[in-house]
Amino acid sequence: MSGQTRHRLEAALFIAAAALPLALQAFGEDYYIGFATRLLIFALAATGLNFIVGYGGMVAFGHAAFFGIGAYTVALLMAAGLFTAWIAWPVAVAAAALAALLIGAVSLRTRGVYFIMITLAFAQMIYYSVISLKFAGGDDGLSLEQRSTLVPFDLADPATLYWVTLVLLAACLAALKRLAASRYGHALTGLRQNETRMEALGYPVQQIKLVCFVIGSSVAGLAGALLANQNGMASPSQLYWTQSGMLLVMVILGGVGQRFGGMLGAITLLGLEEILGRLTEYSHFYVGIALLGVVLFAPRGLAGLWGRQK
Amino acid sequence: MTQLFLEQALNGLQFGLMLFLLAAGLTLVFGIMDMVNLSHGSLYMGGAYLGAAAAQASGSFLIGVTAAMLGMAAVGILLEILLLQRLYQRDHLAQVLATFALVLIANDVVRMIWGPQPLLLNPPAALAGPVELFGFIYPAYRLLIIGVGLAVAVFLYLLITHTRAGMWVRAGAANREMAEALGVNVRQLFTVIFALGAALAAAAGVLLGPLLAVQVGMGENILILAFVVIVIGGIGSIRGALMGSLLVGIVDTLGRALLPTLLRAITTPEVAAHLGPALASIMIYLLMASMLFWRPQGLFPARA
């Protein structure tokens with residue numbers, strides 16, 4: 001596919017996605033607007049993780065921490081009386097970034113399997129810290145009084161929240177594409193392929209990896225802020241390790257290091273669960289079979305099925 | 001206070017030994033084949049269900065334990081030959097995805113067979129009551145578990161350190177390629193190890209059944225603790241798994257039981273009840289993170 005065709009295809013996809021709520025409203029299927037929003041939010045979180053795993057080559061098993069921090073930041077700020085998204089969401093991103101900076105600075109001293117385990121450990125620590133805090137709602141989580149206000153838009157309208165999420169997702173995908181094509185992105189690629197050589201060439205290896213970790217985690221913070229709005233609450237299950245596992249599965253399913261891998265994986269996995277959930281009581285069984293099929297027959301994930309696109 | 005402390009220390013020992021049954025198989029899979037196996041918790045769950053069903057049908061707890069161990073060993077062999085062998089050469093990500101898929105499948109298969117309700121598993125009638133031990137009262141069943149756990153630990157220790165097969169296992173964990181080059185059939189050996197690990201996980205499942213609930217998802221919570229254990233102990237090391245299990249079991253149990261009491265001295269009872277258990281969990285992960293930071297090879301490094 002030439003660059004121009006792909007550009008047009010992406011634009012067409014974006015327009016189709018933007019028109020989706022109108023179509024759903026026309027058919028009276030308003031429930032699915034909320035569901036589609038959920039898909040996009042998880043696509044955003046998985047895209048952030050894919051940047052860390054696929055571009056940075058770091059298998060992080062604690063992405064739920066940053067996802068949850070974003071959600072809890074919005075919920076806590078709202079409990080304190082701050083409703084505007086213009087402040088709360090950037091603060092959520094900043095909180096996730098700060099946490100990632102601290103966790104990353106320690107975790108990046110390790111590698112491979114040990115990196116998987118240490119990120120898991122930190123995420124679990126955050127999970128247990130949050131459920132131990134009474135003002136954060138403990139095991140019950142923290143409800144949002146209402147959705148964030150984003151003057152001049154009205155997020156209480158499901159379609160508006162959907163469009164805002166879609167724009168943020170598209171913006172993140174575009175930004176990460178530019179980043180991957182920049183000098184920094186090339187350094188990151190070099191690092192993934194041969195870290196020792198890059199170090200010998202004088203690149204600040206640790207900083208490059210840390211920046212990648214922080215960027216990917218901040219994207220998860222933003223996704224968390226959106227999910228809190230979509231669900232009307234920040235819940236501890238969002239911080240638990242199974243959530244990290246789920247996000248990682250989305251990335252691997254979609255295609256590690258493929259630009260749309262995270263998005264594709266999130267939409268496929270959640271979509272499959274929703275459809276199968278209507279047909280059978282045992283949807284996870286079939287989802288599991290499908291995932292096994294992908295591992296055995298599509299080693300590069302779904303995005304890898306149609307050609308090499310990066 | 002002494003009664004409480006002793007009782008909780010024994011509970012910690014008991015939980016640690018059960019963790020060890022789970023971690024022993026996991027650490028060998030991880031150490032020898034460098035394989036991240038998230039589905040180990042499913043073998044534990046499968047064992048608990050199979051054991052509970054067999055115990056109910058036969059009326060004998062012992063038959064339940066035997067059925068669980070044999071059944072899960074068979075499942076383990078099938079799983080290893082049909083699926084896992086294809087995954088050893090793949091990267092960790094593919095292993096995570098495949099074994100996560102197995103967790104999803106296992107949870108639903110269990111629900112298909114036994115339904116969504118938790119299963120009831122009673123301890124054997126003879127052990128249902130408490131016993132008096134050096135002047136203090138302790139449930140007989142928990143004492144039995146401690147005994148079984150210790151026996152298995154000794155058995156595994158002798159197996160690994162004093163037999164030829166054990167030597168092969170250690171060689172495989174230290175350096176698989178070298179062991180293969182020297183004529184150890186690691187593949188075949190590994191199928192056996194995997195079956196053994198599955199049987200031990202199943203045993204932990206049935207034995208813990210009367211104490212914790214036999215329900216879908218029981219494997220996920222304990223699996224992560226087993227991973228913590230093997231990271232602390234040193235991936236691939238049985239001795240490390242034992243030490244790590246006892247450490248985690250005791251810290252977790254004692255922390256949960258005693259921290260709320262201690263915290264009550266400095267804060268309100270309500271906050272203490274909330275904060276105590278969470279702090280105990282945080283301590284465990286803090287332990288693991290510090291270990292990874294300062295001594296990533298673990299307490300007892302297995303890899304040469």
# chains A, B, ... in the order shown; residues from 1 in each chain; ligands from 1

$ select_by_dssp --residues "region 27-247 of chain A" --states "strand (DSSP E or B)" --output "list of chain:residue names"
A:Thr84, A:Leu142, A:Ser143, A:Thr149, A:Leu150, A:Phe153, A:Met233, A:Ala234

$ residues_around --residues "Phe20 (chain B)" --least-positions-apart "3" --cutoff "12 Å" --atoms "only C-alpha atoms" --output "PDB file with N, CA and C atoms, in the first residue's frame"
ATOM      1  N   LEU B  13       2.832 -20.584  58.448  1.00  0.00           N
ATOM      2  CA  LEU B  13       3.621 -21.742  58.016  1.00  0.00           C
ATOM      3  C   LEU B  13       2.792 -22.622  57.088  1.00  0.00           C
ATOM      4  N   GLN B  14       1.538 -22.831  57.480  1.00  0.00           N
ATOM      5  CA  GLN B  14       0.645 -23.682  56.691  1.00  0.00           C
ATOM      6  C   GLN B  14       0.390 -23.067  55.310  1.00  0.00           C
ATOM      7  N   PHE B  15       0.101 -21.780  55.275  1.00  0.00           N
ATOM      8  CA  PHE B  15      -0.136 -21.118  53.997  1.00  0.00           C
ATOM      9  C   PHE B  15       1.135 -21.131  53.145  1.00  0.00           C
ATOM     10  N   GLY B  16       2.274 -20.890  53.794  1.00  0.00           N
ATOM     11  CA  GLY B  16       3.546 -20.898  53.080  1.00  0.00           C
ATOM     12  C   GLY B  16       3.821 -22.249  52.436  1.00  0.00           C
ATOM     13  N   LEU B  17       3.546 -23.317  53.167  1.00  0.00           N
ATOM     14  CA  LEU B  17       3.795 -24.653  52.620  1.00  0.00           C
ATOM     15  C   LEU B  17       2.883 -24.935  51.423  1.00  0.00           C
ATOM     16  N   ALA B  23       4.398 -23.212  43.989  1.00  0.00           N
ATOM     17  CA  ALA B  23       5.579 -22.549  43.440  1.00  0.00           C
ATOM     18  C   ALA B  23       6.610 -23.548  42.929  1.00  0.00           C
ATOM     19  N   ALA B  24       6.622 -24.752  43.503  1.00  0.00           N
ATOM     20  CA  ALA B  24       7.638 -25.725  43.104  1.00  0.00           C
ATOM     21  C   ALA B  24       7.546 -26.028  41.610  1.00  0.00           C
ATOM     22  N   GLY B  25       6.333 -26.311  41.142  1.00  0.00           N
ATOM     23  CA  GLY B  25       6.156 -26.596  39.723  1.00  0.00           C
ATOM     24  C   GLY B  25       6.440 -25.367  38.871  1.00  0.00           C
ATOM     25  N   LEU B  26       5.940 -24.232  39.343  1.00  0.00           N
ATOM     26  CA  LEU B  26       6.072 -22.996  38.581  1.00  0.00           C
ATOM     27  C   LEU B  26       7.541 -22.612  38.387  1.00  0.00           C
ATOM     28  N   THR B  27       8.317 -22.757  39.434  1.00  0.00           N
ATOM     29  CA  THR B  27       9.712 -22.313  39.358  1.00  0.00           C
ATOM     30  C   THR B  27      10.511 -23.210  38.409  1.00  0.00           C
ATOM     31  N   ILE B 146       0.060 -28.880  57.441  1.00  0.00           N
ATOM     32  CA  ILE B 146       1.454 -28.552  57.724  1.00  0.00           C
ATOM     33  C   ILE B 146       2.306 -29.814  57.582  1.00  0.00           C
ATOM     34  N   VAL B 148       1.662 -32.562  55.811  1.00  0.00           N
ATOM     35  CA  VAL B 148       1.758 -32.964  54.405  1.00  0.00           C
ATOM     36  C   VAL B 148       2.728 -32.052  53.658  1.00  0.00           C
ATOM     37  N   GLY B 149       2.595 -30.750  53.900  1.00  0.00           N
ATOM     38  CA  GLY B 149       3.461 -29.793  53.224  1.00  0.00           C
ATOM     39  C   GLY B 149       4.928 -30.053  53.530  1.00  0.00           C
ATOM     40  N   LEU B 150       5.214 -30.285  54.809  1.00  0.00           N
ATOM     41  CA  LEU B 150       6.603 -30.555  55.193  1.00  0.00           C
ATOM     42  C   LEU B 150       7.093 -31.841  54.535  1.00  0.00           C
ATOM     43  N   ALA B 151       6.222 -32.883  54.507  1.00  0.00           N
ATOM     44  CA  ALA B 151       6.614 -34.153  53.904  1.00  0.00           C
ATOM     45  C   ALA B 151       6.930 -33.969  52.422  1.00  0.00           C
ATOM     46  N   VAL B 152       6.079 -33.224  51.724  1.00  0.00           N
ATOM     47  CA  VAL B 152       6.326 -32.995  50.296  1.00  0.00           C
ATOM     48  C   VAL B 152       7.622 -32.222  50.092  1.00  0.00           C
ATOM     49  N   ALA B 153       7.842 -31.219  50.946  1.00  0.00           N
ATOM     50  CA  ALA B 153       9.059 -30.420  50.815  1.00  0.00           C
ATOM     51  C   ALA B 153      10.291 -31.302  50.975  1.00  0.00           C
ATOM     52  N   VAL B 154      10.278 -32.172  51.978  1.00  0.00           N
ATOM     53  CA  VAL B 154      11.425 -33.064  52.195  1.00  0.00           C
ATOM     54  C   VAL B 154      11.584 -34.011  51.010  1.00  0.00           C
ATOM     55  N   LEU B 156      10.628 -33.570  47.892  1.00  0.00           N
ATOM     56  CA  LEU B 156      11.145 -32.855  46.726  1.00  0.00           C
ATOM     57  C   LEU B 156      12.624 -32.550  46.889  1.00  0.00           C
ATOM     58  N   TYR B 157      12.975 -32.163  48.128  1.00  0.00           N
ATOM     59  CA  TYR B 157      14.374 -31.825  48.375  1.00  0.00           C
ATOM     60  C   TYR B 157      15.264 -33.026  48.099  1.00  0.00           C
ATOM     61  N   GLY B 197       4.579 -31.057  38.658  1.00  0.00           N
ATOM     62  CA  GLY B 197       4.173 -29.723  39.086  1.00  0.00           C
ATOM     63  C   GLY B 197       2.661 -29.589  39.107  1.00  0.00           C
ATOM     64  N   LEU B 200       1.243 -31.414  42.109  1.00  0.00           N
ATOM     65  CA  LEU B 200       1.465 -30.675  43.348  1.00  0.00           C
ATOM     66  C   LEU B 200       0.509 -29.481  43.462  1.00  0.00           C
ATOM     67  N   ALA B 201       0.318 -28.782  42.344  1.00  0.00           N
ATOM     68  CA  ALA B 201      -0.619 -27.655  42.351  1.00  0.00           C
ATOM     69  C   ALA B 201      -2.019 -28.152  42.687  1.00  0.00           C
ATOM     70  N   ALA B 203      -2.766 -30.799  44.419  1.00  0.00           N
ATOM     71  CA  ALA B 203      -2.789 -31.154  45.842  1.00  0.00           C
ATOM     72  C   ALA B 203      -3.023 -29.903  46.687  1.00  0.00           C
ATOM     73  N   ALA B 204      -2.314 -28.820  46.348  1.00  0.00           N
ATOM     74  CA  ALA B 204      -2.517 -27.570  47.091  1.00  0.00           C
ATOM     75  C   ALA B 204      -3.967 -27.125  46.980  1.00  0.00           C
ATOM     76  N   GLY B 205      -4.543 -27.268  45.786  1.00  0.00           N
ATOM     77  CA  GLY B 205      -5.933 -26.872  45.573  1.00  0.00           C
ATOM     78  C   GLY B 205      -6.898 -27.633  46.475  1.00  0.00           C
ATOM     79  N   ILE B 222      -3.872 -16.563  43.860  1.00  0.00           N
ATOM     80  CA  ILE B 222      -2.732 -17.222  44.469  1.00  0.00           C
ATOM     81  C   ILE B 222      -1.569 -17.345  43.483  1.00  0.00           C
ATOM     82  N   LEU B 223      -1.884 -17.334  42.179  1.00  0.00           N
ATOM     83  CA  LEU B 223      -0.829 -17.461  41.175  1.00  0.00           C
ATOM     84  C   LEU B 223       0.200 -16.344  41.299  1.00  0.00           C
ATOM     85  N   LEU B 225       0.922 -14.595  43.894  1.00  0.00           N
ATOM     86  CA  LEU B 225       1.754 -14.814  45.084  1.00  0.00           C
ATOM     87  C   LEU B 225       2.829 -15.861  44.781  1.00  0.00           C
ATOM     88  N   ALA B 226       2.461 -16.894  44.011  1.00  0.00           N
ATOM     89  CA  ALA B 226       3.452 -17.913  43.666  1.00  0.00           C
ATOM     90  C   ALA B 226       4.572 -17.310  42.813  1.00  0.00           C
ATOM     91  N   PHE B 227       4.224 -16.395  41.936  1.00  0.00           N
ATOM     92  CA  PHE B 227       5.258 -15.724  41.135  1.00  0.00           C
ATOM     93  C   PHE B 227       6.176 -14.900  42.040  1.00  0.00           C
ATOM     94  N   VAL B 228       5.564 -14.200  42.991  1.00  0.00           N
ATOM     95  CA  VAL B 228       6.359 -13.418  43.945  1.00  0.00           C
ATOM     96  C   VAL B 228       7.354 -14.348  44.654  1.00  0.00           C
ATOM     97  N   VAL B 229       6.835 -15.499  45.082  1.00  0.00           N
ATOM     98  CA  VAL B 229       7.661 -16.466  45.796  1.00  0.00           C
ATOM     99  C   VAL B 229       8.871 -16.885  44.968  1.00  0.00           C
ATOM    100  N   ILE B 230       8.646 -17.222  43.700  1.00  0.00           N
ATOM    101  CA  ILE B 230       9.769 -17.764  42.943  1.00  0.00           C
ATOM    102  C   ILE B 230      10.758 -16.673  42.546  1.00  0.00           C
ATOM    103  N   GLY B 233      12.765 -16.275  45.738  1.00  0.00           N
ATOM    104  CA  GLY B 233      13.613 -17.424  46.011  1.00  0.00           C
ATOM    105  C   GLY B 233      14.697 -17.656  44.972  1.00  0.00           C
ATOM    106  N   SER B 237      14.918 -22.483  41.358  1.00  0.00           N
ATOM    107  CA  SER B 237      15.478 -23.137  42.529  1.00  0.00           C
ATOM    108  C   SER B 237      14.378 -23.643  43.461  1.00  0.00           C
ATOM    109  N   ILE B 238      14.408 -24.942  43.757  1.00  0.00           N
ATOM    110  CA  ILE B 238      13.420 -25.535  44.660  1.00  0.00           C
ATOM    111  C   ILE B 238      13.631 -25.023  46.087  1.00  0.00           C
ATOM    112  N   ARG B 239      14.906 -24.965  46.474  1.00  0.00           N
ATOM    113  CA  ARG B 239      15.223 -24.470  47.807  1.00  0.00           C
ATOM    114  C   ARG B 239      14.735 -23.032  47.960  1.00  0.00           C
ATOM    115  N   GLY B 240      14.976 -22.231  46.906  1.00  0.00           N
ATOM    116  CA  GLY B 240      14.517 -20.852  46.922  1.00  0.00           C
ATOM    117  C   GLY B 240      13.004 -20.777  47.017  1.00  0.00           C
ATOM    118  N   ALA B 241      12.328 -21.678  46.297  1.00  0.00           N
ATOM    119  CA  ALA B 241      10.865 -21.673  46.325  1.00  0.00           C
ATOM    120  C   ALA B 241      10.369 -21.964  47.737  1.00  0.00           C
ATOM    121  N   LEU B 242      11.042 -22.893  48.420  1.00  0.00           N
ATOM    122  CA  LEU B 242      10.627 -23.227  49.791  1.00  0.00           C
ATOM    123  C   LEU B 242      10.823 -22.028  50.724  1.00  0.00           C
ATOM    124  N   MET B 243      12.020 -21.428  50.658  1.00  0.00           N
ATOM    125  CA  MET B 243      12.306 -20.281  51.525  1.00  0.00           C
ATOM    126  C   MET B 243      11.368 -19.122  51.203  1.00  0.00           C
ATOM    127  N   GLY B 244      11.215 -18.852  49.912  1.00  0.00           N
ATOM    128  CA  GLY B 244      10.334 -17.760  49.494  1.00  0.00           C
ATOM    129  C   GLY B 244       8.903 -17.991  49.959  1.00  0.00           C
ATOM    130  N   SER B 245       8.427 -19.241  49.836  1.00  0.00           N
ATOM    131  CA  SER B 245       7.050 -19.548  50.230  1.00  0.00           C
ATOM    132  C   SER B 245       6.842 -19.299  51.710  1.00  0.00           C
ATOM    133  N   LEU B 246       7.785 -19.792  52.506  1.00  0.00           N
ATOM    134  CA  LEU B 246       7.627 -19.624  53.951  1.00  0.00           C
ATOM    135  C   LEU B 246       7.656 -18.142  54.313  1.00  0.00           C
ATOM    136  N   LEU B 247       8.585 -17.417  53.684  1.00  0.00           N
ATOM    137  CA  LEU B 247       8.703 -15.984  53.952  1.00  0.00           C
ATOM    138  C   LEU B 247       7.399 -15.262  53.610  1.00  0.00           C
ATOM    139  N   VAL B 248       6.914 -15.509  52.388  1.00  0.00           N
ATOM    140  CA  VAL B 248       5.695 -14.821  51.944  1.00  0.00           C
ATOM    141  C   VAL B 248       4.493 -15.267  52.773  1.00  0.00           C
ATOM    142  N   GLY B 249       4.387 -16.578  53.015  1.00  0.00           N
ATOM    143  CA  GLY B 249       3.252 -17.087  53.784  1.00  0.00           C
ATOM    144  C   GLY B 249       3.197 -16.490  55.175  1.00  0.00           C
TER     145      GLY B 249
END

$ residues_around --residues "region 149-160 of chain A" --least-positions-apart "3" --cutoff "7 Å" --atoms "only C-alpha atoms" --output "list of chain:residue names"
A:Pro21, A:Ile33, A:Gly34, A:Phe83, A:Thr84, A:Ala85, A:Trp86, A:Trp163, A:Val164

$ write_last_selection --atoms "C-alpha atoms" --output "CSV table (one decimal), in the first residue's frame"
chain,number,residue,atom,x,y,z
A,21,PRO,CA,-23.0,7.4,17.0
A,33,ILE,CA,-22.6,4.4,21.9
A,34,GLY,CA,-21.3,3.8,25.4
A,83,PHE,CA,-15.3,19.4,37.9
A,84,THR,CA,-13.6,20.9,34.9
A,85,ALA,CA,-11.9,18.4,32.5
A,86,TRP,CA,-9.6,21.2,31.3
A,163,TRP,CA,-16.4,12.0,19.9
A,164,VAL,CA,-14.0,13.5,22.4

$ atom_distance --atom1 "CA of Ala48 (chain B)" --atom2 "CA of Ala64 (chain A)"
29.4 Å

$ residues_around --residues "region 274-282 of chain A" --least-positions-apart "4" --cutoff "9 Å" --atoms "only C-alpha atoms" --output "list in words"
Leu269, Leu270, Tyr286 and Val287 of chain A; Ile105, Asp108, Val109, Arg111 and Met112 of chain B

$ interface_residues --of "chain B" --to "chain A" --cutoff "9 Å" --atoms "only C-alpha atoms" --output "NGL selection string"
:B and (36 or 86-87 or 92-109 or 111-112 or 220 or 224 or 227-228 or 231 or 271 or 274-279 or 281-286 or 288-290 or 292-293 or 296-297)

$ write_last_selection --atoms "N, CA and C atoms" --output "tab-separated table (two decimals), in the first residue's frame"
chain	number	residue	atom	x	y	z
B	36	VAL	N	6.92	-18.35	30.85
B	36	VAL	CA	5.98	-17.69	31.76
B	36	VAL	C	4.64	-18.41	31.64
B	86	ARG	N	5.05	-26.19	21.93
B	86	ARG	CA	5.14	-25.27	20.79
B	86	ARG	C	5.54	-23.87	21.25
B	87	LEU	N	5.47	-23.61	22.55
B	87	LEU	CA	5.67	-22.24	23.03
B	87	LEU	C	7.06	-21.99	23.59
B	92	HIS	N	8.43	-14.30	25.50
B	92	HIS	CA	7.56	-14.27	26.67
B	92	HIS	C	6.16	-13.75	26.34
B	93	LEU	N	6.09	-12.85	25.39
B	93	LEU	CA	4.79	-12.26	25.07
B	93	LEU	C	3.83	-13.31	24.54
B	94	ALA	N	4.33	-14.16	23.64
B	94	ALA	CA	3.47	-15.21	23.09
B	94	ALA	C	3.04	-16.16	24.19
B	95	GLN	N	3.96	-16.44	25.13
B	95	GLN	CA	3.63	-17.34	26.24
B	95	GLN	C	2.56	-16.72	27.14
B	96	VAL	N	2.69	-15.42	27.39
B	96	VAL	CA	1.69	-14.74	28.21
B	96	VAL	C	0.31	-14.85	27.55
B	97	LEU	N	0.27	-14.57	26.26
B	97	LEU	CA	-1.01	-14.59	25.55
B	97	LEU	C	-1.62	-16.00	25.57
B	98	ALA	N	-0.81	-17.01	25.26
B	98	ALA	CA	-1.33	-18.38	25.17
B	98	ALA	C	-1.80	-18.88	26.53
B	99	THR	N	-1.00	-18.64	27.56
B	99	THR	CA	-1.40	-19.20	28.86
B	99	THR	C	-2.53	-18.38	29.49
B	100	PHE	N	-2.61	-17.10	29.13
B	100	PHE	CA	-3.76	-16.30	29.56
B	100	PHE	C	-5.04	-16.86	28.91
B	101	ALA	N	-4.92	-17.25	27.64
B	101	ALA	CA	-6.05	-17.88	26.95
B	101	ALA	C	-6.46	-19.16	27.68
B	102	LEU	N	-5.47	-19.91	28.14
B	102	LEU	CA	-5.76	-21.14	28.88
B	102	LEU	C	-6.53	-20.85	30.16
B	103	VAL	N	-6.16	-19.74	30.82
B	103	VAL	CA	-6.88	-19.37	32.05
B	103	VAL	C	-8.35	-19.11	31.74
B	104	LEU	N	-8.60	-18.36	30.66
B	104	LEU	CA	-9.99	-18.07	30.28
B	104	LEU	C	-10.74	-19.36	29.99
B	105	ILE	N	-10.10	-20.25	29.23
B	105	ILE	CA	-10.75	-21.51	28.85
B	105	ILE	C	-11.02	-22.35	30.10
B	106	ALA	N	-10.01	-22.46	30.96
B	106	ALA	CA	-10.16	-23.31	32.16
B	106	ALA	C	-11.31	-22.81	33.04
B	107	ASN	N	-11.39	-21.48	33.23
B	107	ASN	CA	-12.46	-20.94	34.08
B	107	ASN	C	-13.84	-21.31	33.54
B	108	ASP	N	-13.98	-21.23	32.22
B	108	ASP	CA	-15.30	-21.53	31.66
B	108	ASP	C	-15.58	-23.03	31.63
B	109	VAL	N	-14.55	-23.84	31.41
B	109	VAL	CA	-14.75	-25.28	31.43
B	109	VAL	C	-15.23	-25.71	32.82
B	111	ARG	N	-16.84	-23.87	34.93
B	111	ARG	CA	-18.24	-23.41	35.09
B	111	ARG	C	-19.20	-24.30	34.32
B	112	MET	N	-18.75	-24.77	33.15
B	112	MET	CA	-19.62	-25.66	32.36
B	112	MET	C	-19.91	-26.93	33.13
B	220	GLU	N	-6.24	-17.26	40.16
B	220	GLU	CA	-5.58	-16.01	39.78
B	220	GLU	C	-4.94	-15.31	40.97
B	224	ILE	N	-0.31	-15.12	41.49
B	224	ILE	CA	0.59	-13.98	41.56
B	224	ILE	C	1.50	-14.11	42.78
B	227	PHE	N	4.22	-16.40	41.94
B	227	PHE	CA	5.26	-15.72	41.13
B	227	PHE	C	6.18	-14.90	42.04
B	228	VAL	N	5.56	-14.20	42.99
B	228	VAL	CA	6.36	-13.42	43.94
B	228	VAL	C	7.35	-14.35	44.65
B	231	VAL	N	10.27	-15.44	42.42
B	231	VAL	CA	11.20	-14.36	42.14
B	231	VAL	C	12.08	-14.10	43.37
B	271	VAL	N	-9.84	2.65	60.61
B	271	VAL	CA	-8.74	2.87	59.67
B	271	VAL	C	-7.75	1.71	59.75
B	274	HIS	N	-8.74	-1.37	57.92
B	274	HIS	CA	-8.60	-1.18	56.48
B	274	HIS	C	-7.15	-1.26	56.06
B	275	LEU	N	-6.31	-0.57	56.85
B	275	LEU	CA	-4.92	-0.35	56.47
B	275	LEU	C	-4.08	-1.60	56.69
B	276	GLY	N	-4.39	-2.36	57.75
B	276	GLY	CA	-3.55	-3.49	58.14
B	276	GLY	C	-3.32	-4.51	57.03
B	277	PRO	N	-4.39	-5.13	56.53
B	277	PRO	CA	-4.22	-6.16	55.49
B	277	PRO	C	-3.52	-5.61	54.25
B	278	ALA	N	-3.87	-4.36	53.88
B	278	ALA	CA	-3.26	-3.77	52.69
B	278	ALA	C	-1.76	-3.60	52.89
B	279	LEU	N	-1.38	-3.14	54.10
B	279	LEU	CA	0.04	-2.96	54.38
B	279	LEU	C	0.78	-4.28	54.29
B	281	SER	N	0.05	-6.81	52.37
B	281	SER	CA	0.23	-7.11	50.95
B	281	SER	C	1.31	-6.24	50.34
B	282	ILE	N	1.29	-4.96	50.71
B	282	ILE	CA	2.29	-4.04	50.16
B	282	ILE	C	3.70	-4.50	50.55
B	283	MET	N	3.83	-4.96	51.80
B	283	MET	CA	5.14	-5.41	52.27
B	283	MET	C	5.70	-6.52	51.39
B	284	ILE	N	4.82	-7.44	50.99
B	284	ILE	CA	5.26	-8.56	50.16
B	284	ILE	C	5.79	-8.08	48.82
B	285	TYR	N	5.04	-7.16	48.21
B	285	TYR	CA	5.48	-6.68	46.90
B	285	TYR	C	6.72	-5.79	47.03
B	286	LEU	N	6.79	-5.09	48.15
B	286	LEU	CA	7.98	-4.28	48.41
B	286	LEU	C	9.20	-5.19	48.53
B	288	MET	N	9.53	-8.09	47.12
B	288	MET	CA	9.87	-8.58	45.79
B	288	MET	C	10.60	-7.51	44.98
B	289	ALA	N	10.10	-6.26	45.03
B	289	ALA	CA	10.72	-5.20	44.25
B	289	ALA	C	12.15	-4.95	44.74
B	290	SER	N	12.34	-4.95	46.06
B	290	SER	CA	13.70	-4.71	46.57
B	290	SER	C	14.62	-5.84	46.15
B	292	LEU	N	14.35	-7.67	43.47
B	292	LEU	CA	14.65	-7.53	42.05
B	292	LEU	C	15.66	-6.42	41.82
B	293	PHE	N	15.60	-5.41	42.68
B	293	PHE	CA	16.46	-4.26	42.48
B	293	PHE	C	17.90	-4.58	42.89
B	296	PRO	N	18.62	-9.47	41.74
B	296	PRO	CA	17.62	-10.02	40.82
B	296	PRO	C	17.69	-11.54	40.67
B	297	GLN	N	18.83	-12.13	40.98
B	297	GLN	CA	18.91	-13.59	40.82
B	297	GLN	C	18.20	-14.33	41.94

$ residues_around --residues "Ser235 (chain A)" --least-positions-apart "3" --cutoff "8 Å" --atoms "only C-alpha atoms" --output "ChimeraX atom specification"
/A:68,72,139-142,238-239

$ residues_around --residues "Ala171 (chain A)" --least-positions-apart "5" --cutoff "12 Å" --atoms "only C-alpha atoms" --output "NGL selection string"
:A and (14 or 44 or 47 or 164-166 or 176-178 or 219)

$ write_last_selection --atoms "N, CA and C atoms" --output "PDB file, in the first residue's frame"
ATOM      1  N   PHE A  14     -11.568   7.183   9.975  1.00  0.00           N
ATOM      2  CA  PHE A  14     -11.859   8.164  11.013  1.00  0.00           C
ATOM      3  C   PHE A  14     -13.261   8.741  10.814  1.00  0.00           C
ATOM      4  N   LEU A  44      -7.076   3.279  23.471  1.00  0.00           N
ATOM      5  CA  LEU A  44      -6.106   4.317  23.844  1.00  0.00           C
ATOM      6  C   LEU A  44      -5.095   3.754  24.857  1.00  0.00           C
ATOM      7  N   THR A  47      -2.831   1.358  23.198  1.00  0.00           N
ATOM      8  CA  THR A  47      -1.888   2.038  22.320  1.00  0.00           C
ATOM      9  C   THR A  47      -0.689   2.556  23.120  1.00  0.00           C
ATOM     10  N   VAL A 164     -15.227  13.024  21.745  1.00  0.00           N
ATOM     11  CA  VAL A 164     -14.027  13.535  22.430  1.00  0.00           C
ATOM     12  C   VAL A 164     -12.983  12.428  22.537  1.00  0.00           C
ATOM     13  N   THR A 165     -13.446  11.213  22.919  1.00  0.00           N
ATOM     14  CA  THR A 165     -12.525  10.080  23.033  1.00  0.00           C
ATOM     15  C   THR A 165     -11.884   9.765  21.690  1.00  0.00           C
ATOM     16  N   LEU A 166     -12.713   9.787  20.640  1.00  0.00           N
ATOM     17  CA  LEU A 166     -12.205   9.462  19.303  1.00  0.00           C
ATOM     18  C   LEU A 166     -11.117  10.451  18.877  1.00  0.00           C
ATOM     19  N   LEU A 176       2.109   9.650  18.258  1.00  0.00           N
ATOM     20  CA  LEU A 176       3.061   8.548  18.420  1.00  0.00           C
ATOM     21  C   LEU A 176       3.703   8.207  17.075  1.00  0.00           C
ATOM     22  N   LYS A 177       2.948   8.378  15.991  1.00  0.00           N
ATOM     23  CA  LYS A 177       3.524   8.116  14.670  1.00  0.00           C
ATOM     24  C   LYS A 177       4.658   9.103  14.394  1.00  0.00           C
ATOM     25  N   ARG A 178       4.398  10.376  14.690  1.00  0.00           N
ATOM     26  CA  ARG A 178       5.435  11.395  14.484  1.00  0.00           C
ATOM     27  C   ARG A 178       6.649  11.113  15.358  1.00  0.00           C
ATOM     28  N   VAL A 219      -0.271   8.124  28.436  1.00  0.00           N
ATOM     29  CA  VAL A 219      -1.417   7.851  27.568  1.00  0.00           C
ATOM     30  C   VAL A 219      -2.438   7.010  28.336  1.00  0.00           C
TER      31      VAL A 219
END

$ closest_residue --among "A:Leu161, A:Leu191, A:Ala181, A:Ala80" --to "Arg38 (chain A)" --atoms "only C-alpha atoms"
A:Leu161

$ closest_residue --among "B:Gly76, B:Gly255, B:Gly183, B:Gly298" --to "Phe5 (chain B)" --atoms "only C-alpha atoms"
B:Gly255
